[in-house]
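What follows is the content of run-v1.pdb (PDB, C-alpha atoms).
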```
ATOM      1  CA  MET Q 891     119.784   7.737 -75.733
ATOM      2  CA  SER Q 892     116.616   6.914 -77.668
ATOM      3  CA  SER Q 893     113.875   4.679 -76.294
ATOM      4  CA  SER Q 894     114.555   2.175 -79.086
ATOM      5  CA  ASN Q 895     118.012   1.314 -77.818
ATOM      6  CA  TYR Q 896     117.614   1.915 -74.093
ATOM      7  CA  ALA Q 897     118.118  -1.400 -72.323
ATOM      8  CA  THR Q 898     117.611  -1.308 -68.596
ATOM      9  CA  ASN Q 899     118.799  -0.123 -65.237
ATOM     10  CA  GLY Q 900     120.932  -3.205 -64.694
ATOM     11  CA  SER Q 901     122.495  -4.189 -61.386
ATOM     12  CA  LEU Q 902     126.217  -4.811 -61.924
ATOM     13  CA  ASN Q 903     128.708  -6.029 -59.322
ATOM     14  CA  TYR Q 904     131.791  -3.846 -59.002
ATOM     15  CA  PHE Q 905     134.909  -4.590 -56.933
ATOM     16  CA  LEU Q 906     135.638  -3.108 -53.485
ATOM     17  CA  PRO Q 907     139.291  -3.532 -52.395
ATOM     18  CA  PRO Q 908     140.259  -4.763 -48.914
ATOM     19  CA  ALA Q 909     139.720  -2.029 -46.332
ATOM     20  CA  ASP Q 910     143.125  -2.675 -44.759
ATOM     21  CA  GLY Q 911     144.964  -1.962 -48.008
ATOM     22  CA  SER Q 912     146.282  -5.502 -48.392
ATOM     23  CA  ARG Q 913     146.810  -7.089 -51.775
ATOM     24  CA  PRO Q 914     143.484  -8.425 -53.105
ATOM     25  CA  PHE Q 915     143.378 -12.130 -53.879
ATOM     26  CA  ASN Q 916     141.136 -14.968 -55.004
ATOM     27  CA  ASN Q 917     142.348 -18.247 -53.507
ATOM     28  CA  LYS Q 918     141.204 -21.033 -55.817
ATOM     29  CA  ILE Q 919     142.777 -23.857 -53.800
ATOM     30  CA  GLY Q 920     140.279 -26.081 -52.010
ATOM     31  CA  GLU Q 921     137.352 -24.052 -50.737
ATOM     32  CA  HIS Q 922     137.538 -20.774 -52.642
ATOM     33  CA  SER Q 923     138.242 -17.669 -50.559
ATOM     34  CA  ARG Q 924     138.906 -13.991 -51.132
ATOM     35  CA  ASN Q 925     139.705 -10.871 -49.097
ATOM     36  CA  TRP Q 926     137.522  -8.330 -50.915
ATOM     37  CA  VAL Q 927     133.797  -7.759 -51.412
ATOM     38  CA  GLU Q 928     131.426  -6.955 -54.249
ATOM     39  CA  ASP Q 929     129.954  -3.479 -54.660
ATOM     40  CA  PRO Q 930     126.593  -3.756 -56.485
ATOM     41  CA  ARG Q 931     125.502  -0.678 -58.436
ATOM     42  CA  VAL Q 932     122.498   0.036 -60.621
ATOM     43  CA  VAL Q 933     123.649   1.484 -63.945
ATOM     44  CA  ASP Q 934     122.250   2.308 -67.376
ATOM     45  CA  ILE Q 935     123.172  -0.257 -70.031
ATOM     46  CA  GLU Q 936     122.611   0.799 -73.636
ATOM     47  CA  ASN Q 937     121.482  -1.657 -76.284
ATOM     48  CA  ILE Q 938     123.642  -0.757 -79.282
ATOM     49  CA  ARG Q 939     121.993  -3.078 -81.794
ATOM     50  CA  GLY Q 940     121.778  -1.107 -85.016
ATOM     51  CA  SER Q 941     124.718   1.133 -84.125
ATOM     52  CA  GLU Q 942     127.245  -1.566 -83.187
ATOM     53  CA  ASP Q 943     129.513  -0.618 -86.114
ATOM     54  CA  GLN Q 944     130.556   2.480 -84.156
ATOM     55  CA  TYR Q 945     132.317   0.322 -81.574
ATOM     56  CA  LYS Q 946     135.673  -1.167 -82.549
ATOM     57  CA  LEU Q 947     138.489  -2.946 -80.760
ATOM     58  CA  ASP Q 948     140.758   0.090 -80.978
ATOM     59  CA  ASN Q 949     138.262   2.735 -79.805
ATOM     60  CA  ALA Q 950     135.847   0.992 -77.414
ATOM     61  CA  GLY Q 951     137.822  -2.188 -76.743
ATOM     62  CA  PHE Q 952     135.164  -4.495 -78.165
ATOM     63  CA  GLN Q 953     133.699  -5.259 -81.565
ATOM     64  CA  PHE Q 954     130.546  -7.089 -82.638
ATOM     65  CA  GLY Q 955     130.204  -9.122 -85.812
ATOM     66  CA  LYS Q 956     128.353 -11.902 -87.557
ATOM     67  CA  ALA Q 957     129.850 -15.189 -88.756
ATOM     68  CA  VAL Q 958     128.231 -18.594 -88.969
ATOM     69  CA  SER Q 959     130.198 -21.420 -87.342
ATOM     70  CA  SER Q 960     130.030 -24.879 -88.887
ATOM     71  CA  HIS Q 961     130.503 -26.330 -85.404
ATOM     72  CA  THR Q 962     127.302 -25.915 -83.387
ATOM     73  CA  SER Q 963     127.129 -28.649 -80.735
ATOM     74  CA  PHE Q 964     129.874 -27.488 -78.317
ATOM     75  CA  VAL Q 965     129.784 -30.604 -76.148
ATOM     76  CA  ASN Q 966     132.946 -32.477 -77.155
ATOM     77  CA  GLU Q 967     136.218 -30.776 -76.216
ATOM     78  CA  LYS Q 968     138.288 -32.405 -78.958
ATOM     79  CA  GLU Q 969     135.708 -31.507 -81.607
ATOM     80  CA  ILE Q 970     135.629 -27.899 -80.390
ATOM     81  CA  GLU Q 971     139.415 -27.675 -80.702
ATOM     82  CA  ALA Q 972     139.477 -29.381 -84.117
ATOM     83  CA  GLU Q 973     136.485 -27.624 -85.685
ATOM     84  CA  TYR Q 974     135.785 -24.369 -83.843
ATOM     85  CA  TYR Q 975     139.317 -23.192 -83.050
ATOM     86  CA  PRO Q 976     140.302 -22.813 -86.748
ATOM     87  CA  HIS Q 977     137.126 -20.785 -87.350
ATOM     88  CA  CYS Q 978     138.065 -18.426 -84.495
ATOM     89  CA  THR Q 979     141.665 -18.123 -85.652
ATOM     90  CA  GLU Q 980     140.719 -17.106 -89.184
ATOM     91  CA  LEU Q 981     138.002 -14.747 -87.978
ATOM     92  CA  ILE Q 982     140.306 -12.857 -85.630
ATOM     93  CA  LYS Q 983     143.062 -12.681 -88.246
ATOM     94  CA  LYS Q 984     140.620 -11.253 -90.765
ATOM     95  CA  LEU Q 985     139.266  -8.603 -88.395
ATOM     96  CA  THR Q 986     142.572  -7.515 -86.839
ATOM     97  CA  GLY Q 987     145.218  -8.062 -89.513
ATOM     98  CA  ALA Q 988     147.220 -10.134 -87.029
ATOM     99  CA  SER Q 989     149.848 -12.554 -88.332
ATOM    100  CA  ARG Q 990     149.579 -15.225 -85.642
ATOM    101  CA  ILE Q 991     146.845 -16.385 -83.275
ATOM    102  CA  VAL Q 992     147.406 -18.749 -80.369
ATOM    103  CA  ILE Q 993     144.258 -20.027 -78.653
ATOM    104  CA  PHE Q 994     145.115 -20.914 -75.070
ATOM    105  CA  ASP Q 995     141.720 -21.993 -73.702
ATOM    106  CA  HIS Q 996     137.953 -21.728 -73.901
ATOM    107  CA  THR Q 997     135.073 -21.697 -71.464
ATOM    108  CA  ILE Q 998     131.514 -22.866 -72.026
ATOM    109  CA  ARG Q 999     128.867 -21.435 -69.725
ATOM    110  CA  ARG Q1000     125.407 -22.939 -69.379
ATOM    111  CA  ARG Q1001     123.298 -21.131 -66.816
ATOM    112  CA  ARG Q1002     121.596 -23.501 -64.428
ATOM    113  CA  PRO Q1003     120.073 -21.661 -61.427
ATOM    114  CA  GLU Q1004     120.065 -24.867 -59.376
ATOM    115  CA  ASP Q1005     123.864 -25.275 -59.684
ATOM    116  CA  SER Q1006     126.560 -23.536 -57.663
ATOM    117  CA  GLU Q1007     128.062 -20.474 -59.342
ATOM    118  CA  VAL Q1008     131.568 -21.600 -58.361
ATOM    119  CA  ASP Q1009     131.208 -25.107 -59.823
ATOM    120  CA  ASP Q1010     134.311 -25.684 -61.971
ATOM    121  CA  ASN Q1011     132.830 -28.631 -63.852
ATOM    122  CA  ALA Q1012     133.424 -27.823 -67.515
ATOM    123  CA  GLN Q1013     129.749 -28.323 -68.348
ATOM    124  CA  LYS Q1014     128.362 -26.448 -65.332
ATOM    125  CA  ARG Q1015     130.142 -23.106 -65.342
ATOM    126  CA  GLN Q1016     127.758 -20.222 -64.790
ATOM    127  CA  PRO Q1017     127.745 -16.700 -66.266
ATOM    128  CA  VAL Q1018     130.167 -14.441 -64.398
ATOM    129  CA  SER Q1019     128.264 -11.803 -62.421
ATOM    130  CA  LEU Q1020     131.293  -9.681 -61.491
ATOM    131  CA  ILE Q1021     132.818  -6.866 -63.532
ATOM    132  CA  HIS Q1022     136.374  -7.838 -64.405
ATOM    133  CA  VAL Q1023     139.186  -7.792 -66.947
ATOM    134  CA  ASP Q1024     140.705 -11.236 -67.505
ATOM    135  CA  GLN Q1025     144.354 -10.128 -67.617
ATOM    136  CA  THR Q1026     146.728  -7.473 -66.304
ATOM    137  CA  THR Q1027     149.932  -6.419 -68.065
ATOM    138  CA  VAL Q1028     151.923  -8.769 -65.815
ATOM    139  CA  SER Q1029     149.693 -11.778 -66.450
ATOM    140  CA  SER Q1030     149.470 -11.038 -70.186
ATOM    141  CA  ILE Q1031     153.239 -11.199 -70.558
ATOM    142  CA  ALA Q1032     153.241 -14.349 -68.427
ATOM    143  CA  ARG Q1033     150.678 -15.873 -70.797
ATOM    144  CA  VAL Q1034     153.063 -15.443 -73.727
ATOM    145  CA  HIS Q1035     155.848 -17.215 -71.832
ATOM    146  CA  ARG Q1036     153.457 -19.935 -70.680
ATOM    147  CA  HIS Q1037     151.920 -20.773 -74.047
ATOM    148  CA  LEU Q1038     154.744 -20.062 -76.545
ATOM    149  CA  PRO Q1039     158.074 -21.857 -76.940
ATOM    150  CA  PRO Q1040     161.010 -20.147 -75.169
ATOM    151  CA  SER Q1041     162.587 -19.642 -78.587
ATOM    152  CA  ASP Q1042     159.592 -17.585 -79.802
ATOM    153  CA  ALA Q1043     158.497 -15.535 -76.798
ATOM    154  CA  PRO Q1044     161.266 -12.867 -76.625
ATOM    155  CA  ALA Q1045     160.836 -11.784 -80.250
ATOM    156  CA  LEU Q1046     157.034 -11.804 -80.025
ATOM    157  CA  LEU Q1047     157.120  -9.597 -76.943
ATOM    158  CA  LYS Q1048     159.105  -6.954 -78.827
ATOM    159  CA  ARG Q1049     156.179  -6.382 -81.201
ATOM    160  CA  ARG Q1050     152.542  -5.558 -80.654
ATOM    161  CA  PHE Q1051     150.497  -8.299 -79.067
ATOM    162  CA  GLN Q1052     147.028  -8.519 -77.597
ATOM    163  CA  ILE Q1053     144.761 -10.846 -75.684
ATOM    164  CA  ILE Q1054     141.345 -11.008 -77.316
ATOM    165  CA  ASN Q1055     138.390 -13.166 -76.319
ATOM    166  CA  LEU Q1056     135.792 -14.267 -78.858
ATOM    167  CA  TRP Q1057     132.366 -14.698 -77.200
ATOM    168  CA  ARG Q1058     129.189 -15.993 -78.783
ATOM    169  CA  PRO Q1059     125.867 -17.532 -77.693
ATOM    170  CA  ILE Q1060     125.322 -21.188 -78.482
ATOM    171  CA  SER Q1061     122.085 -23.092 -79.115
ATOM    172  CA  HIS Q1062     119.743 -20.067 -78.867
ATOM    173  CA  PRO Q1063     119.718 -16.240 -78.535
ATOM    174  CA  ALA Q1064     121.232 -14.782 -75.358
ATOM    175  CA  PHE Q1065     118.305 -12.836 -73.907
ATOM    176  CA  ASP Q1066     118.998 -14.410 -70.498
ATOM    177  CA  TRP Q1067     122.118 -13.099 -68.729
ATOM    178  CA  PRO Q1068     123.641 -11.233 -71.696
ATOM    179  CA  LEU Q1069     127.116  -9.725 -71.695
ATOM    180  CA  ALA Q1070     127.659  -6.081 -70.716
ATOM    181  CA  LEU Q1071     130.799  -4.271 -71.891
ATOM    182  CA  CYS Q1072     132.254  -1.000 -70.652
ATOM    183  CA  ASP Q1073     133.429   1.415 -73.344
ATOM    184  CA  PHE Q1074     137.159   1.906 -72.742
ATOM    185  CA  ARG Q1075     136.825   5.629 -73.418
ATOM    186  CA  SER Q1076     134.891   5.937 -70.148
ATOM    187  CA  VAL Q1077     137.449   4.023 -68.049
ATOM    188  CA  ASP Q1078     140.086   5.710 -65.888
ATOM    189  CA  VAL Q1079     142.790   3.053 -66.065
ATOM    190  CA  LYS Q1080     144.808   4.413 -63.148
ATOM    191  CA  LYS Q1081     141.897   4.861 -60.746
ATOM    192  CA  ASP Q1082     139.352   2.195 -61.730
ATOM    193  CA  LEU Q1083     141.472  -0.948 -62.088
ATOM    194  CA  VAL Q1084     142.988  -2.967 -59.253
ATOM    195  CA  PRO Q1085     145.190  -6.075 -59.808
ATOM    196  CA  VAL Q1086     143.796  -9.149 -58.043
ATOM    197  CA  ALA Q1087     145.990 -12.210 -57.453
ATOM    198  CA  LEU Q1088     144.498 -15.507 -58.641
ATOM    199  CA  ILE Q1089     146.054 -18.268 -56.570
ATOM    200  CA  TYR Q1090     146.023 -21.763 -58.096
ATOM    201  CA  PRO Q1091     147.714 -24.942 -56.820
ATOM    202  CA  ASP Q1092     150.422 -24.769 -59.507
ATOM    203  CA  ARG Q1093     150.722 -21.075 -60.299
ATOM    204  CA  GLU Q1094     149.563 -17.531 -59.635
ATOM    205  CA  GLY Q1095     147.695 -15.424 -62.169
ATOM    206  CA  GLU Q1096     146.341 -11.900 -62.059
ATOM    207  CA  ALA Q1097     143.176 -10.150 -63.243
ATOM    208  CA  TYR Q1098     141.750  -6.662 -62.781
ATOM    209  CA  GLY Q1099     138.973  -5.892 -60.349
ATOM    210  CA  VAL Q1100     137.016  -2.806 -61.403
ATOM    211  CA  LYS Q1101     135.989  -0.069 -58.963
ATOM    212  CA  TYR Q1102     132.799   1.916 -59.483
ATOM    213  CA  ASN Q1103     133.026   5.078 -61.552
ATOM    214  CA  GLU Q1104     129.857   6.958 -62.450
ATOM    215  CA  ALA Q1105     131.488   7.946 -65.763
ATOM    216  CA  HIS Q1106     131.434   4.341 -67.039
ATOM    217  CA  LYS Q1107     129.399   3.812 -70.211
ATOM    218  CA  TRP Q1108     127.917   0.319 -70.390
ATOM    219  CA  LYS Q1109     126.810  -1.318 -73.649
ATOM    220  CA  TYR Q1110     125.330  -4.601 -74.806
ATOM    221  CA  MET Q1111     123.602  -6.053 -77.849
ATOM    222  CA  LYS Q1112     120.208  -7.418 -76.985
ATOM    223  CA  GLY Q1113     119.272 -10.921 -78.083
ATOM    224  CA  MET Q1114     122.613 -11.902 -79.613
ATOM    225  CA  GLN Q1115     122.141 -14.858 -81.954
ATOM    226  CA  PRO Q1116     124.406 -17.927 -82.272
ATOM    227  CA  ASP Q1117     125.709 -16.534 -85.578
ATOM    228  CA  GLU Q1118     126.731 -13.283 -83.853
ATOM    229  CA  PHE Q1119     129.877 -12.739 -81.790
ATOM    230  CA  VAL Q1120     131.754 -10.091 -79.884
ATOM    231  CA  LEU Q1121     135.527  -9.641 -79.654
ATOM    232  CA  ILE Q1122     136.617  -8.494 -76.187
ATOM    233  CA  LYS Q1123     140.028  -6.916 -75.796
ATOM    234  CA  CYS Q1124     141.644  -7.908 -72.493
ATOM    235  CA  PHE Q1125     145.114  -6.516 -73.186
ATOM    236  CA  ASP Q1126     147.043  -4.504 -75.761
ATOM    237  CA  SER Q1127     150.774  -3.874 -75.570
ATOM    238  CA  VAL Q1128     150.272  -0.536 -77.356
ATOM    239  CA  GLN Q1129     149.685   1.747 -74.378
ATOM    240  CA  ASP Q1130     150.539   5.194 -75.717
ATOM    241  CA  GLY Q1131     146.966   6.456 -75.554
ATOM    242  CA  SER Q1132     146.257   5.854 -79.235
ATOM    243  CA  VAL Q1133     144.065   2.757 -78.792
ATOM    244  CA  ALA Q1134     141.807   1.056 -76.262
ATOM    245  CA  ILE Q1135     143.806  -1.398 -74.186
ATOM    246  CA  LEU Q1136     141.059  -3.418 -72.460
ATOM    247  CA  THR Q1137     137.336  -3.796 -71.756
ATOM    248  CA  PRO Q1138     135.726  -4.410 -68.366
ATOM    249  CA  HIS Q1139     132.825  -6.824 -68.823
ATOM    250  CA  THR Q1140     130.293  -8.945 -66.953
ATOM    251  CA  GLY Q1141     127.163 -10.986 -67.364
ATOM    252  CA  PHE Q1142     123.980  -9.352 -66.067
ATOM    253  CA  GLN Q1143     120.317 -10.177 -65.657
ATOM    254  CA  ASP Q1144     118.232  -8.074 -68.030
ATOM    255  CA  PRO Q1145     114.823  -7.516 -66.406
ATOM    256  CA  ASN Q1146     113.457  -6.714 -69.872
ATOM    257  CA  ARG Q1147     114.256 -10.161 -71.275
ATOM    258  CA  PRO Q1148     111.348 -11.947 -72.958
ATOM    259  CA  GLU Q1149     109.276 -14.069 -70.606
ATOM    260  CA  GLY Q1150     110.323 -17.696 -70.805
ATOM    261  CA  ALA Q1151     113.665 -16.960 -72.481
ATOM    262  CA  PRO Q1152     115.886 -20.061 -72.274
ATOM    263  CA  PHE Q1153     118.854 -19.974 -69.929
ATOM    264  CA  ARG Q1154     121.980 -18.487 -71.459
ATOM    265  CA  GLU Q1155     124.522 -20.785 -73.081
ATOM    266  CA  SER Q1156     127.760 -19.353 -74.491
ATOM    267  CA  ILE Q1157     131.346 -20.097 -75.423
ATOM    268  CA  GLU Q1158     134.313 -17.776 -74.940
ATOM    269  CA  VAL Q1159     137.607 -18.538 -76.671
ATOM    270  CA  ARG Q1160     140.689 -16.757 -75.322
ATOM    271  CA  THR Q1161     143.523 -15.928 -77.682
ATOM    272  CA  LEU Q1162     146.989 -14.429 -77.892
ATOM    273  CA  VAL Q1163     147.151 -12.166 -80.935
ATOM    274  CA  PHE Q1164     150.495 -11.281 -82.509
ATOM    275  CA  TYR Q1165     151.494  -8.796 -85.223
ATOM    276  CA  ASP Q1166     154.482  -8.522 -87.529
ATOM    277  CA  GLU Q1167     155.128  -4.916 -86.519
TER     278      GLU Q1167
END
```
Just give me the structure as structure tokens.
Amino acid sequence: MSSSNYATNGSLNYFLPPADGSRPFNNKIGEHSRNWVEDPRVVDIENIRGSEDQYKLDNAGFQFGKAVSSHTSFVNEKEIEAEYYPHCTELIKKLTGASRIVIFDHTIRRRRPEDSEVDDNAQKRQPVSLIHVDQTTVSSIARVHRHLPPSDAPALLKRRFQIINLWRPISHPAFDWPLALCDFRSVDVKKDLVPVALIYPDREGEAYGVKYNEAHKWKYMKGMQPDEFVLIKCFDSVQDGSVAILTPHTGFQDPNRPEGAPFRESIEVRTLVFYDE
């Protein structure tokens, strides 16, 4: 690793399962609770700016790119859906060759140190400081049934489908609390990933907690601009070993950020991605 693209020894929060072997959960009803703890580790995180073309959705599980969005304010939900969603749909289709994209939600994060990290107000969500994967196989299939008509879901599930998030900074470069991504080729899927139940008032979801593995290779692109984005693969139904199936990721504080860098602001759009074959 050359000095030009060495980033930092970043402190990342891994997942430590319950000591009693019980099923891990995040209870999001009322006062949030959980039965597991974080496992902070200091790791090397490589800045891949200049070599980002080596990392693709099907080898590393993530892919950087550049595309200017005509929508830039990101304050009005209806305008985001009307103006930004079509941009994301066409961009993902172009980069993946997918035939159908279904956007099921988005999250805007504006770091405000004075606010609670668990504040669910749509305008106050903070960067996530825990390594995670948004979906498991079970919850990915459930997403298809939840967001597609019953007449469509069975046929779509017979072909390749993915869950891909499109993340980009908004307003200014993301020097503060950038996004770190773990190269899938360094992940031991059977040993590193643990399903965690997400308990909501009306349903139960599932995400992966990620246990520490010294083999993990962490990457990021320093100072991402608002016209830059990263695609993050959270699930792929092709699981024969030929492609990356997911990407653990987290926000982290880069101690080498420029002094006075503005607090991170970003938007992440989550999508179901379907193929004809």
Would you please work out which residue, of Q:Lys1109, Q:Val1079, Q:Ala1097, Q:Glu971, is nearest to Gln944 in chain Q when using only C-alpha atoms?
-> Q:Lys1109
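Between CA of Thr1026 in chain Q and CA of Val1084 in chain Q the separation is 9.2 Å.
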Pull out every residue that the PyMOL selection byres ((chain Q and resi 949-965) around 7) matches in the shown coordinates and put them as an mmCIF file with C-alpha atoms, keeping the file's coordinate frame.
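Final output, saved to result29.cif:
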```
data_model
loop_
_atom_site.group_PDB
_atom_site.id
_atom_site.type_symbol
_atom_site.label_atom_id
_atom_site.label_comp_id
_atom_site.auth_asym_id
_atom_site.auth_seq_id
_atom_site.Cartn_x
_atom_site.Cartn_y
_atom_site.Cartn_z
ATOM 1 C CA GLU Q 942 127.245 -1.566 -83.187
ATOM 2 C CA TYR Q 945 132.317 0.322 -81.574
ATOM 3 C CA LYS Q 946 135.673 -1.167 -82.549
ATOM 4 C CA LEU Q 947 138.489 -2.946 -80.760
ATOM 5 C CA ASP Q 948 140.758 0.090 -80.978
ATOM 6 C CA ASN Q 966 132.946 -32.477 -77.155
ATOM 7 C CA GLU Q 967 136.218 -30.776 -76.216
ATOM 8 C CA ILE Q 970 135.629 -27.899 -80.390
ATOM 9 C CA GLU Q 973 136.485 -27.624 -85.685
ATOM 10 C CA TYR Q 974 135.785 -24.369 -83.843
ATOM 11 C CA HIS Q 977 137.126 -20.785 -87.350
ATOM 12 C CA ASP Q 1073 133.429 1.415 -73.344
ATOM 13 C CA PHE Q 1074 137.159 1.906 -72.742
ATOM 14 C CA ARG Q 1075 136.825 5.629 -73.418
ATOM 15 C CA ASP Q 1117 125.709 -16.534 -85.578
ATOM 16 C CA GLU Q 1118 126.731 -13.283 -83.853
ATOM 17 C CA PHE Q 1119 129.877 -12.739 -81.790
ATOM 18 C CA VAL Q 1120 131.754 -10.091 -79.884
ATOM 19 C CA LEU Q 1121 135.527 -9.641 -79.654
ATOM 20 C CA ILE Q 1122 136.617 -8.494 -76.187
ATOM 21 C CA LYS Q 1123 140.028 -6.916 -75.796
ATOM 22 C CA VAL Q 1133 144.065 2.757 -78.792
ATOM 23 C CA ALA Q 1134 141.807 1.056 -76.262
ATOM 24 C CA ILE Q 1135 143.806 -1.398 -74.186
ATOM 25 C CA LEU Q 1136 141.059 -3.418 -72.460
ATOM 26 C CA THR Q 1137 137.336 -3.796 -71.756
#
```
For Leu1069 in chain Q, please output as a ChimeraX atom specification all residues within 10 Å (counting only C-alpha atoms; exclusion window: fewer than 2 positions along the same chain).
-> /Q:1017-1019,1057-1059,1064-1067,1071,1109-1112,1114,1120,1139-1144
The PyMOL selection byres ((chain Q and resi 1100) around 12) - which residues does that actually catch in the file I just gave you? List them as a PDB file with C-alpha atoms, in the frame of the given file.
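Below is the file out-v4.pdb, written as the result:
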```pdb
ATOM      1  CA  LEU Q 902     126.217  -4.811 -61.924  1.00  0.00           C
ATOM      2  CA  ASN Q 903     128.708  -6.029 -59.322  1.00  0.00           C
ATOM      3  CA  TYR Q 904     131.791  -3.846 -59.002  1.00  0.00           C
ATOM      4  CA  PHE Q 905     134.909  -4.590 -56.933  1.00  0.00           C
ATOM      5  CA  LEU Q 906     135.638  -3.108 -53.485  1.00  0.00           C
ATOM      6  CA  PRO Q 907     139.291  -3.532 -52.395  1.00  0.00           C
ATOM      7  CA  PRO Q 914     143.484  -8.425 -53.105  1.00  0.00           C
ATOM      8  CA  TRP Q 926     137.522  -8.330 -50.915  1.00  0.00           C
ATOM      9  CA  VAL Q 927     133.797  -7.759 -51.412  1.00  0.00           C
ATOM     10  CA  GLU Q 928     131.426  -6.955 -54.249  1.00  0.00           C
ATOM     11  CA  ASP Q 929     129.954  -3.479 -54.660  1.00  0.00           C
ATOM     12  CA  PRO Q 930     126.593  -3.756 -56.485  1.00  0.00           C
ATOM     13  CA  LEU Q1020     131.293  -9.681 -61.491  1.00  0.00           C
ATOM     14  CA  ILE Q1021     132.818  -6.866 -63.532  1.00  0.00           C
ATOM     15  CA  HIS Q1022     136.374  -7.838 -64.405  1.00  0.00           C
ATOM     16  CA  VAL Q1023     139.186  -7.792 -66.947  1.00  0.00           C
ATOM     17  CA  ASP Q1024     140.705 -11.236 -67.505  1.00  0.00           C
ATOM     18  CA  THR Q1026     146.728  -7.473 -66.304  1.00  0.00           C
ATOM     19  CA  CYS Q1072     132.254  -1.000 -70.652  1.00  0.00           C
ATOM     20  CA  VAL Q1077     137.449   4.023 -68.049  1.00  0.00           C
ATOM     21  CA  ASP Q1078     140.086   5.710 -65.888  1.00  0.00           C
ATOM     22  CA  VAL Q1079     142.790   3.053 -66.065  1.00  0.00           C
ATOM     23  CA  LYS Q1080     144.808   4.413 -63.148  1.00  0.00           C
ATOM     24  CA  LYS Q1081     141.897   4.861 -60.746  1.00  0.00           C
ATOM     25  CA  ASP Q1082     139.352   2.195 -61.730  1.00  0.00           C
ATOM     26  CA  LEU Q1083     141.472  -0.948 -62.088  1.00  0.00           C
ATOM     27  CA  VAL Q1084     142.988  -2.967 -59.253  1.00  0.00           C
ATOM     28  CA  PRO Q1085     145.190  -6.075 -59.808  1.00  0.00           C
ATOM     29  CA  VAL Q1086     143.796  -9.149 -58.043  1.00  0.00           C
ATOM     30  CA  ALA Q1097     143.176 -10.150 -63.243  1.00  0.00           C
ATOM     31  CA  TYR Q1098     141.750  -6.662 -62.781  1.00  0.00           C
ATOM     32  CA  GLY Q1099     138.973  -5.892 -60.349  1.00  0.00           C
ATOM     33  CA  LYS Q1101     135.989  -0.069 -58.963  1.00  0.00           C
ATOM     34  CA  TYR Q1102     132.799   1.916 -59.483  1.00  0.00           C
ATOM     35  CA  ASN Q1103     133.026   5.078 -61.552  1.00  0.00           C
ATOM     36  CA  HIS Q1106     131.434   4.341 -67.039  1.00  0.00           C
ATOM     37  CA  LEU Q1136     141.059  -3.418 -72.460  1.00  0.00           C
ATOM     38  CA  THR Q1137     137.336  -3.796 -71.756  1.00  0.00           C
ATOM     39  CA  PRO Q1138     135.726  -4.410 -68.366  1.00  0.00           C
ATOM     40  CA  HIS Q1139     132.825  -6.824 -68.823  1.00  0.00           C
ATOM     41  CA  THR Q1140     130.293  -8.945 -66.953  1.00  0.00           C
TER      42      THR Q1140
END
```
Top pick for closest residue to Thr979 in chain Q, considering Q:Asn1055, Q:Thr898, Q:Gln1129, Q:Pro1003 and counting only C-alpha atoms =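 Ranking Q:Asn1055, Q:Thr898, Q:Gln1129, Q:Pro1003 by distance to Thr979 in chain Q, first place goes to Q:Asn1055.
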Which protein, DNA or RNA residues have an atom at most 12 Å from (141.3, -19.1, -54.2), counting only C-alpha atoms? List them as a PyMOL selection string.
-> chain Q and resi 914-926+1008+1086-1096
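Take the PyMOL selection byres ((chain Q and resi 1158) around 6) and apply it to this file: it picks His996, Thr997, Leu1056, Trp1057, Ile1157 and Val1159 of chain Q.
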Mind writing the picked residues with C-alpha atoms as a compact mmCIF listing (two decimals), keeping the file's coordinate frame?
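What ended up in out_13.txt:
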```
# COMPACT_ATOMS: atom_id res chain seq x y z
CA HIS Q 996 137.95 -21.73 -73.90
CA THR Q 997 135.07 -21.70 -71.46
CA LEU Q 1056 135.79 -14.27 -78.86
CA TRP Q 1057 132.37 -14.70 -77.20
CA ILE Q 1157 131.35 -20.10 -75.42
CA VAL Q 1159 137.61 -18.54 -76.67
```
Could you tell me which of Q:Pro1063, Q:Pro1044, Q:Pro1116, Q:Gly1131 comes closest to Pro1148 in chain Q if we count all atoms listed in the file?
-> Q:Pro1063
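The coordinates place CA of Arg931 in chain Q at 24.3 Å from CA of Glu1149 in chain Q.
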Which neighbours of Glu1167 in chain Q fall inside 10 Å, counting all atoms listed in the file, when residues of the same chain fewer than 4 positions from it are skipped, and could you give them as a count of residues only?
-> 7
How many Å separate CA of Arg913 in chain Q from CA of Ala1032 in chain Q?
->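 Between CA of Arg913 in chain Q and CA of Ala1032 in chain Q the gap works out to 19.3 Å.
Minimum distance to Ser1156 in chain Q across Q:Asn937, Q:Ser1127, Q:Gln1115, Q:Ser1041 (counting all atoms listed in the file) occurs at Q:Gln1115.
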How big is the axis-aligned box, and where does its centre sit, when it encloses all atoms of range 1043-1058 of chain Q listed in the file and has 3 Å added on every side, reported in Å to one decimal as AutoDock Vina command-line options?
```
--center_x 145.2 --center_y -10.8 --center_z -78.4 --size_x 38.1 --size_y 16.4 --size_z 11.5
```
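The point (146.5, -14.6, -83.0) has these residues within 9 Å of it when only C-alpha atoms are used: Thr979, Glu980, Ile982, Lys983, Thr986, Ala988, Ser989, Arg990, Ile991, Val992, Ile993, Phe1051, Gln1052, Ile1053, Ile1054, Thr1161, Leu1162, Val1163, Phe1164 and Tyr1165 of chain Q.
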Measuring atom to atom with only C-alpha atoms, identify which of Q:Ile1060, Q:Ile1031, Q:Gly900, Q:Ala972 is nearest to Arg1147 in chain Q.
->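 Counting only C-alpha atoms, the residue closest to Arg1147 in chain Q is Q:Gly900.
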